[in-house]
Amino acid sequence: MSIIIGNILLEIDLWLVILLLVFLIAFIIFAVNRGIVAHRFRIAAGSEDLVGKTAEVKTTLEPRGLVFVEGERWSAIAEDGRVEPGEEVIINRVTGLVLYVSRK
């Protein structure tokens with residue numbers, strides 16, 4: 001394939017052009033597919049992910065104390081009375097850095 005740009009004659013192999021187009025199209029399809037897949041995943045980080053999980057009570061909740069969940073200590077408020085250390089609780093909601101929990 002010959003291309004004339006101004007006074008310059010360029011010789012380009014047609015198979016090279018086809019090969020580059022195939023790779024470019026394959027890359028675009030791959031990138032768009034990965035973008036679509038990434039948008040389908042649910043958020044799996046932050047306080048939104050804690051609701052419904054189990055935590056272990058570290059200090060007596062009467063109603064305020066500390067719980068241990070996913071390797072972190074959190075301030076917690078028991079919604080259904082006193083909870084002793086070592087008991088497991090369910091996280092009902094998160095407000096700021098405080099977990100609202102109830103007995104398991």
# chains A, B, ... in the order shown; residues from 1 in each chain; ligands from 1
call {"tool": "select_by_dssp", "arguments": {"residues": "chain A", "states": "strand (DSSP E)", "output": "ChimeraX atom specification"}}
result
/A:2-5,8-11,54-57,64-69,72-78,88-95,98-103
call {"tool": "residues_around", "arguments": {"residues": "Glu11 of chain A", "least_positions_apart": "3", "cutoff": "7 Å", "atoms": "only C-alpha atoms", "output": "list in words"}}
result
Met1, Ser2 and Ile3 of chain A
call {"tool": "atom_distance", "arguments": {"atom1": "atom CA of Val17 of chain A", "atom2": "atom CA of Ile4 of chain A"}}
result
16.0 Å
call {"tool": "residues_around", "arguments": {"residues": "Leu66 of chain A", "least_positions_apart": "6", "cutoff": "6 Å", "atoms": "only C-alpha atoms", "output": "PyMOL selection string"}}
result
chain A and resi 58-59+74-76
call {"tool": "write_last_selection", "arguments": {"atoms": "N, CA and C atoms", "output": "PDB file, in the first residue's frame"}}
result
ATOM      1  N   LYS A  58     -16.085  -6.390  73.050  1.00  0.00           N
ATOM      2  CA  LYS A  58     -14.822  -6.328  73.787  1.00  0.00           C
ATOM      3  C   LYS A  58     -14.990  -5.689  75.160  1.00  0.00           C
ATOM      4  N   THR A  59     -15.823  -4.658  75.268  1.00  0.00           N
ATOM      5  CA  THR A  59     -16.141  -4.058  76.562  1.00  0.00           C
ATOM      6  C   THR A  59     -17.652  -4.076  76.710  1.00  0.00           C
ATOM      7  N   TRP A  74     -14.464  -0.927  67.035  1.00  0.00           N
ATOM      8  CA  TRP A  74     -15.436   0.109  66.726  1.00  0.00           C
ATOM      9  C   TRP A  74     -16.201   0.472  67.988  1.00  0.00           C
ATOM     10  N   SER A  75     -16.608   1.742  68.095  1.00  0.00           N
ATOM     11  CA  SER A  75     -17.551   2.143  69.134  1.00  0.00           C
ATOM     12  C   SER A  75     -18.905   1.597  68.748  1.00  0.00           C
ATOM     13  N   ALA A  76     -19.619   1.114  69.757  1.00  0.00           N
ATOM     14  CA  ALA A  76     -20.926   0.510  69.466  1.00  0.00           C
ATOM     15  C   ALA A  76     -21.932   0.887  70.527  1.00  0.00           C
TER      16      ALA A  76
END
call {"tool": "residues_around", "arguments": {"residues": "segment 77-88 of chain A", "least_positions_apart": "3", "cutoff": "7 Å", "atoms": "only C-alpha atoms", "output": "list in words"}}
result
Thr54, Ala55, Glu56, Val57, Lys58, Thr59, Thr60, Leu61, Glu62, Pro63, Arg64, Gly65, Leu99, Tyr100, Val101, Ser102, Arg103 and Lys104 of chain A
call {"tool": "atom_distance", "arguments": {"atom1": "atom CA of Leu16 of chain A", "atom2": "atom CA of Asn33 of chain A"}}
result
25.8 Å
call {"tool": "closest_residue", "arguments": {"among": "A:Ile29, A:Leu24, A:Val89, A:Val94", "to": "Asp49 of chain A", "atoms": "only C-alpha atoms"}}
result
A:Val94
call {"tool": "closest_residue", "arguments": {"among": "A:Glu70, A:Leu10, A:Phe30, A:Ile91", "to": "Lys53 of chain A", "atoms": "only C-alpha atoms"}}
result
A:Ile91
call {"tool": "select_by_dssp", "arguments": {"residues": "chain A", "states": "helix (DSSP H, G or I)", "output": "MDAnalysis selection string"}}
result
chainID A and resid 14:40 47:49
call {"tool": "atom_distance", "arguments": {"atom1": "atom CA of Ile5 of chain A", "atom2": "atom CA of Ile28 of chain A"}}
result
28.5 Å
call {"tool": "decode", "arguments": {"residues": "segment 68-80 of chain A", "atoms": "all heavy atoms", "output": "PDB file, in the first residue's frame"}}
result
ATOM      1  N   PHE A  68     -15.377  -5.684  68.239  1.00  0.00           N
ATOM      2  CA  PHE A  68     -14.291  -6.043  67.342  1.00  0.00           C
ATOM      3  C   PHE A  68     -14.899  -6.704  66.118  1.00  0.00           C
ATOM      4  O   PHE A  68     -15.590  -7.718  66.223  1.00  0.00           O
ATOM      5  CB  PHE A  68     -13.349  -7.009  68.066  1.00  0.00           C
ATOM      6  CG  PHE A  68     -12.048  -7.239  67.379  1.00  0.00           C
ATOM      7  CD1 PHE A  68     -11.076  -6.256  67.351  1.00  0.00           C
ATOM      8  CD2 PHE A  68     -11.793  -8.453  66.763  1.00  0.00           C
ATOM      9  CE1 PHE A  68      -9.855  -6.485  66.731  1.00  0.00           C
ATOM     10  CE2 PHE A  68     -10.578  -8.679  66.135  1.00  0.00           C
ATOM     11  CZ  PHE A  68      -9.612  -7.690  66.122  1.00  0.00           C
ATOM     12  N   VAL A  69     -14.678  -6.104  64.950  1.00  0.00           N
ATOM     13  CA  VAL A  69     -15.213  -6.659  63.705  1.00  0.00           C
ATOM     14  C   VAL A  69     -14.194  -6.467  62.591  1.00  0.00           C
ATOM     15  O   VAL A  69     -13.612  -5.394  62.449  1.00  0.00           O
ATOM     16  CB  VAL A  69     -16.579  -6.025  63.339  1.00  0.00           C
ATOM     17  CG1 VAL A  69     -16.481  -4.542  63.171  1.00  0.00           C
ATOM     18  CG2 VAL A  69     -17.179  -6.657  62.105  1.00  0.00           C
ATOM     19  N   GLU A  70     -13.940  -7.532  61.842  1.00  0.00           N
ATOM     20  CA  GLU A  70     -13.007  -7.531  60.711  1.00  0.00           C
ATOM     21  C   GLU A  70     -11.659  -6.923  61.076  1.00  0.00           C
ATOM     22  O   GLU A  70     -11.088  -6.131  60.335  1.00  0.00           O
ATOM     23  CB  GLU A  70     -13.623  -6.810  59.511  1.00  0.00           C
ATOM     24  CG  GLU A  70     -14.805  -7.541  58.920  1.00  0.00           C
ATOM     25  CD  GLU A  70     -15.298  -6.925  57.637  1.00  0.00           C
ATOM     26  OE1 GLU A  70     -14.873  -5.822  57.263  1.00  0.00           O
ATOM     27  OE2 GLU A  70     -16.137  -7.576  56.991  1.00  0.00           O
ATOM     28  N   GLY A  71     -11.142  -7.280  62.241  1.00  0.00           N
ATOM     29  CA  GLY A  71      -9.819  -6.836  62.647  1.00  0.00           C
ATOM     30  C   GLY A  71      -9.754  -5.411  63.166  1.00  0.00           C
ATOM     31  O   GLY A  71      -8.663  -4.882  63.360  1.00  0.00           O
ATOM     32  N   GLU A  72     -10.875  -4.778  63.398  1.00  0.00           N
ATOM     33  CA  GLU A  72     -10.900  -3.387  63.873  1.00  0.00           C
ATOM     34  C   GLU A  72     -11.802  -3.255  65.093  1.00  0.00           C
ATOM     35  O   GLU A  72     -12.797  -3.948  65.220  1.00  0.00           O
ATOM     36  CB  GLU A  72     -11.425  -2.450  62.781  1.00  0.00           C
ATOM     37  CG  GLU A  72     -10.593  -2.433  61.526  1.00  0.00           C
ATOM     38  CD  GLU A  72     -11.209  -1.559  60.442  1.00  0.00           C
ATOM     39  OE1 GLU A  72     -12.449  -1.384  60.442  1.00  0.00           O
ATOM     40  OE2 GLU A  72     -10.452  -1.063  59.612  1.00  0.00           O
ATOM     41  N   ARG A  73     -11.446  -2.315  65.966  1.00  0.00           N
ATOM     42  CA  ARG A  73     -12.296  -1.982  67.110  1.00  0.00           C
ATOM     43  C   ARG A  73     -13.182  -0.810  66.718  1.00  0.00           C
ATOM     44  O   ARG A  73     -12.703   0.168  66.153  1.00  0.00           O
ATOM     45  CB  ARG A  73     -11.464  -1.598  68.317  1.00  0.00           C
ATOM     46  CG  ARG A  73     -10.703  -2.740  68.916  1.00  0.00           C
ATOM     47  CD  ARG A  73      -9.935  -2.275  70.145  1.00  0.00           C
ATOM     48  NE  ARG A  73      -9.027  -3.294  70.584  1.00  0.00           N
ATOM     49  CZ  ARG A  73      -9.314  -4.169  71.538  1.00  0.00           C
ATOM     50  NH1 ARG A  73     -10.469  -4.129  72.151  1.00  0.00           N
ATOM     51  NH2 ARG A  73      -8.438  -5.086  71.878  1.00  0.00           N
ATOM     52  N   TRP A  74     -14.464  -0.927  67.035  1.00  0.00           N
ATOM     53  CA  TRP A  74     -15.436   0.109  66.726  1.00  0.00           C
ATOM     54  C   TRP A  74     -16.201   0.472  67.988  1.00  0.00           C
ATOM     55  O   TRP A  74     -16.457  -0.373  68.842  1.00  0.00           O
ATOM     56  CB  TRP A  74     -16.449  -0.393  65.697  1.00  0.00           C
ATOM     57  CG  TRP A  74     -15.937  -0.504  64.297  1.00  0.00           C
ATOM     58  CD1 TRP A  74     -15.138  -1.485  63.792  1.00  0.00           C
ATOM     59  CD2 TRP A  74     -16.203   0.387  63.224  1.00  0.00           C
ATOM     60  NE1 TRP A  74     -14.898  -1.263  62.473  1.00  0.00           N
ATOM     61  CE2 TRP A  74     -15.537  -0.119  62.092  1.00  0.00           C
ATOM     62  CE3 TRP A  74     -16.945   1.549  63.100  1.00  0.00           C
ATOM     63  CZ2 TRP A  74     -15.590   0.509  60.860  1.00  0.00           C
ATOM     64  CZ3 TRP A  74     -17.001   2.176  61.868  1.00  0.00           C
ATOM     65  CH2 TRP A  74     -16.330   1.669  60.765  1.00  0.00           C
ATOM     66  N   SER A  75     -16.608   1.742  68.095  1.00  0.00           N
ATOM     67  CA  SER A  75     -17.551   2.143  69.134  1.00  0.00           C
ATOM     68  C   SER A  75     -18.905   1.597  68.748  1.00  0.00           C
ATOM     69  O   SER A  75     -19.279   1.618  67.580  1.00  0.00           O
ATOM     70  CB  SER A  75     -17.635   3.667  69.230  1.00  0.00           C
ATOM     71  OG  SER A  75     -16.423   4.193  69.690  1.00  0.00           O
ATOM     72  N   ALA A  76     -19.619   1.114  69.757  1.00  0.00           N
ATOM     73  CA  ALA A  76     -20.926   0.510  69.466  1.00  0.00           C
ATOM     74  C   ALA A  76     -21.932   0.887  70.527  1.00  0.00           C
ATOM     75  O   ALA A  76     -21.573   1.168  71.673  1.00  0.00           O
ATOM     76  CB  ALA A  76     -20.792  -1.004  69.384  1.00  0.00           C
ATOM     77  N   ILE A  77     -23.190   0.880  70.115  1.00  0.00           N
ATOM     78  CA  ILE A  77     -24.305   1.115  71.022  1.00  0.00           C
ATOM     79  C   ILE A  77     -25.256  -0.066  70.885  1.00  0.00           C
ATOM     80  O   ILE A  77     -25.708  -0.393  69.786  1.00  0.00           O
ATOM     81  CB  ILE A  77     -25.032   2.438  70.693  1.00  0.00           C
ATOM     82  CG1 ILE A  77     -24.074   3.616  70.907  1.00  0.00           C
ATOM     83  CG2 ILE A  77     -26.288   2.587  71.535  1.00  0.00           C
ATOM     84  CD1 ILE A  77     -24.646   4.967  70.523  1.00  0.00           C
ATOM     85  N   ALA A  78     -25.540  -0.706  72.045  1.00  0.00           N
ATOM     86  CA  ALA A  78     -26.467  -1.837  72.050  1.00  0.00           C
ATOM     87  C   ALA A  78     -27.887  -1.310  72.009  1.00  0.00           C
ATOM     88  O   ALA A  78     -28.259  -0.444  72.794  1.00  0.00           O
ATOM     89  CB  ALA A  78     -26.248  -2.682  73.289  1.00  0.00           C
ATOM     90  N   GLU A  79     -28.680  -1.832  71.098  1.00  0.00           N
ATOM     91  CA  GLU A  79     -30.060  -1.376  70.946  1.00  0.00           C
ATOM     92  C   GLU A  79     -31.041  -2.173  71.809  1.00  0.00           C
ATOM     93  O   GLU A  79     -32.192  -1.782  71.934  1.00  0.00           O
ATOM     94  CB  GLU A  79     -30.481  -1.452  69.473  1.00  0.00           C
ATOM     95  CG  GLU A  79     -29.697  -0.490  68.601  1.00  0.00           C
ATOM     96  CD  GLU A  79     -30.151  -0.489  67.157  1.00  0.00           C
ATOM     97  OE1 GLU A  79     -30.421  -1.576  66.606  1.00  0.00           O
ATOM     98  OE2 GLU A  79     -30.229   0.608  66.586  1.00  0.00           O
ATOM     99  N   ASP A  80     -30.557  -3.265  72.395  1.00  0.00           N
ATOM    100  CA  ASP A  80     -31.487  -4.085  73.184  1.00  0.00           C
ATOM    101  C   ASP A  80     -30.914  -4.452  74.550  1.00  0.00           C
ATOM    102  O   ASP A  80     -30.905  -5.607  74.942  1.00  0.00           O
ATOM    103  CB  ASP A  80     -31.905  -5.334  72.407  1.00  0.00           C
ATOM    104  CG  ASP A  80     -30.715  -6.173  71.968  1.00  0.00           C
ATOM    105  OD1 ASP A  80     -29.565  -5.765  72.198  1.00  0.00           O
ATOM    106  OD2 ASP A  80     -30.947  -7.256  71.407  1.00  0.00           O
TER     107      ASP A  80
END
